[in-house]
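Report on the following structure.
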Amino acid sequence: MFNVPGLSVSGFDSLFPRLEAVLSSFARDRVVPRIWARDPTVWKRRDEETARRLGWLAAPEAAAASLAEFEDFRRELAGEGFSHALLLGMGGSSLAPEVFGRIFGPAAGGLELRVLDSTDPEAVLGQVESLPWERTIFIVSSKSGTTLETTSFLKYFYVALARRFGEDRAGRHFAAITDPDTRLEDIATALRFRRVFRGDPEIGGRFSALSPFGLVPAALLGCDLRRFLASAVETAAACRNDSPPANPGAVLGALLGVAALAGRDQCVLLLPPAIAAFGAWIEQLLAESTGKDGRGILPLVRFDARRVEPFAGRLIGVRIELAGDRKSEGTLARLAGAGVPIAKLEIPGPEGLGGQFFLWEMATAVAGRILEINPFDQPNVAASKKRTEAALKAVREKGRTAAGPEFGTWDADEFAILACDADYIVIQAFVPPTPENARALSALAARLQKRTGRPATFDFGPRFLHSTGQLHKGDAGRGLFLQLCARHHRDAAVPDATDGESSATTFGTLIDAQARGDREALEEKDRRAMSVRLEALPSGIEAL
């Protein structure tokens, strides 16, 4: 039916008639040429906003013109003795940099890259206590230039740097990545940041990995960006193929979309350890792009694949293979044995991820066409933001006890009963994203999955609010949510402005307000949720 190098499938036999019909309709309706022509009616009625969100199509080739500037920036910093970079961001501005940092690490002559996208005070203070401040460049990354979390990080770290080194030196420790003419660009100019890198306003945040939002941090690491982009350019060229059965983006998108319409709307992502971090980026792209209008594809990245029989009929699997890697064959065998269709994508090595970034962007756009949704908006993300702002206002008026959600008492039996009417379970952990907490959450998710017979996964707040949070509120409403919050044994104030003026807001009240805002947004959409406060970590998670 299709012939795409590096892509093979098994177990899709029952879906082949639908796949064939979809790919034939793509050819008849000239879907691929229309996508490349940036025609918004591929998805819905003519929409100028959607037409202004298709700049990612040109990103691989456009990026080549800026590589020298990015690499010069790294050499400039290294020449002045900088050894570390801390990226302050959220969602699409932080996930691709985290992928680069975890997979590639610093090369010779590169900087160590860290990413801060948690407003938990322990996460913030952990960076304060471990960074070599004299040798650290702070990268403030926000497309809109007004992202609440990123702005809070900027205020906190700029004031801290100004107190340490004086305002004349502080700006030299900062650079910004933002769209043209944003509030962040104005702040960067006023505070004399070392550099401002402008993004393309026609590329949405979760599609921005191959733009300055992903490539500047990658350049600081010392990645071989020319080799990386060559893979992206090659894949983009393949995704221009007017014959859908020979177009890798069209085929992968068709597999995802057709499977979802047939009830297999949960996608198990299988990645070898060397590129495991890439799964979180796919998770955001797929969930935030497809989870709306009562539909959605739920990516399953952090879950136990050993006990899938009770819900195998809802699954498909996608495995990204590195040449010669066989580490996930046991998991593949278990999924195949349970009747789960599997698609395999093979790449020669981590440098092939440049092509994977583009492939998944195209596939997500194609899946959106099949699901009849707009993959470039996120209508439900704003709901949590508005309720967070209301909770923060209450903090200013009534004190910090107004910030957090109302907490219940954990009852495993009650939760298991609620799960009977759920299609999946998500642990929403508003706790520090430490390895110890991640292991405890993984064990808790595995226990819930075994107990309920429903897939269970987890993610850290507030980062999921800018990714899977859209799907949680925009899909068919069959999720069950366990919200975990932690008592803050220490905290840090968020200045009102970069001049250090005091504030009633702390990072503790901020993350509590975000938890409260999301709980209220879930309830507004009639989602089932339970909130539990933990006194200590990770022991509190283990006690559940």
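Here, A, B, ... name the chains of the structure tokens in the order displayed, residue numbers run from 1 inside each chain, and ligands are numbered from 1 in the same displayed order.
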Practice item. Write out as a ChimeraX atom specification the residues lying within 10 Å of Ser152 of chain A, counting only C-alpha atoms and excluding same-chain residues fewer than 6 positions away. Key: /A:88,119,146,493-498,505-507,510
Practice item. Identify, on the basis of only C-alpha atoms, every residue whose closest approach to Ala259 of chain A does not exceed 10 Å; exclude the query and any residue fewer than 3 positions from it along the same chain; express the result as a VMD selection string. Key: chain A and resid 12 15 18 to 19 253 to 256 262 to 267 297 314 to 316 341 367
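In this comparison, which uses only C-alpha atoms, the residue of A:Ala51, A:Ala438, A:Ala412, A:Val308 approaching Arg38 of chain A most closely is A:Ala51.
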Practice item. Please identify all polymer residues within 8 Å of Ile275 of chain A, counting only C-alpha atoms, omitting same-chain residues fewer than 4 positions from it, and present them as a ChimeraX atom specification. Key: /A:103,271,279,350
Check your understanding: Counting only C-alpha atoms, what is within 9 Å of Glu167 of chain A, bar same-chain residues fewer than 6 positions away, as a list in words?
Key -> Tyr158, Val159, Leu161 and Leu191 of chain A
Residue selection dump (N, CA and C atoms) as a tab-separated table (two decimals), in the first residue's frame:
```tsv
chain	number	residue	atom	x	y	z
A	158	TYR	N	17.33	37.74	37.31
A	158	TYR	CA	17.96	39.03	37.01
A	158	TYR	C	18.24	39.80	38.30
A	159	VAL	N	17.27	39.83	39.19
A	159	VAL	CA	17.48	40.53	40.45
A	159	VAL	C	18.63	39.89	41.23
A	161	LEU	N	21.21	38.25	39.97
A	161	LEU	CA	22.47	38.59	39.30
A	161	LEU	C	22.84	40.05	39.57
A	191	LEU	N	17.47	46.18	29.62
A	191	LEU	CA	18.40	45.63	30.61
A	191	LEU	C	19.76	45.28	29.98
```
Point to revise | Residue list (strand (DSSP E or B), DSSP) for segment 277-526 of chain A, as a ChimeraX atom specification | key: /A:292,295,298-300,315-322,342-347,424-430,456-460,479-486,493,506
Practice item. With a distance cut-off of 9 Å and only C-alpha atoms, select the neighbouring residues of segment 518-524 of chain A, excluding the residue or stretch itself and same-chain residues fewer than 3 positions from it, and output the selection as a ChimeraX atom specification. Key: /A:380,383-385,387-388,405,465,469,472-473,481,483,513-515,527-531
Practice item. Considering only C-alpha atoms, return as a PyMOL selection string whatever protein or nucleic-acid residues lie within 9 Å of Phe73 of chain A, sequence-local ones (same chain, fewer than 3 positions apart) excluded. Key: chain A and resi 68-70+76-78+195+216+219-220
Check your understanding: Which is closer to Gly205 of chain A than all the others in A:Pro462, A:Gly126, A:Pro310, A:Gly89, using only C-alpha atoms?
Key -> A:Gly89
Practice item. Find the distance between atom CA of Arg463 of chain A and atom CA of Thr434 of chain A and write it in Å to one decimal. Key: 13.7 Å
Check your understanding: Could you work out how far atom CA of Lys386 of chain A lies from atom CA of Gln470 of chain A, giving the answer in Å with one decimal?
Key -> 14.0 Å
Exercise for review: Could you give me, as an MDAnalysis selection string, the residues within 8 Å of Gly461 of chain A, counting only C-alpha atoms and dropping anything in the same chain fewer than 4 positions from it?
Suggested key: chainID A and resid 118 428:431 465 511 515
Output C-alpha atoms of each residue in that selection to a file, as a PDB file, in the first residue's frame.
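What ended up in again.pdb:
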```
ATOM      1  CA  SER A 118       9.262  24.104  36.956  1.00  0.00           C
ATOM      2  CA  GLN A 428      -0.488  15.389  37.569  1.00  0.00           C
ATOM      3  CA  ALA A 429       2.499  15.950  39.847  1.00  0.00           C
ATOM      4  CA  PHE A 430       3.001  19.547  40.984  1.00  0.00           C
ATOM      5  CA  VAL A 431       6.238  18.521  42.693  1.00  0.00           C
ATOM      6  CA  LEU A 465      -0.274  22.561  31.318  1.00  0.00           C
ATOM      7  CA  ILE A 511       2.737  26.576  41.579  1.00  0.00           C
ATOM      8  CA  ALA A 515      -2.586  23.497  40.488  1.00  0.00           C
TER       9      ALA A 515
END
```
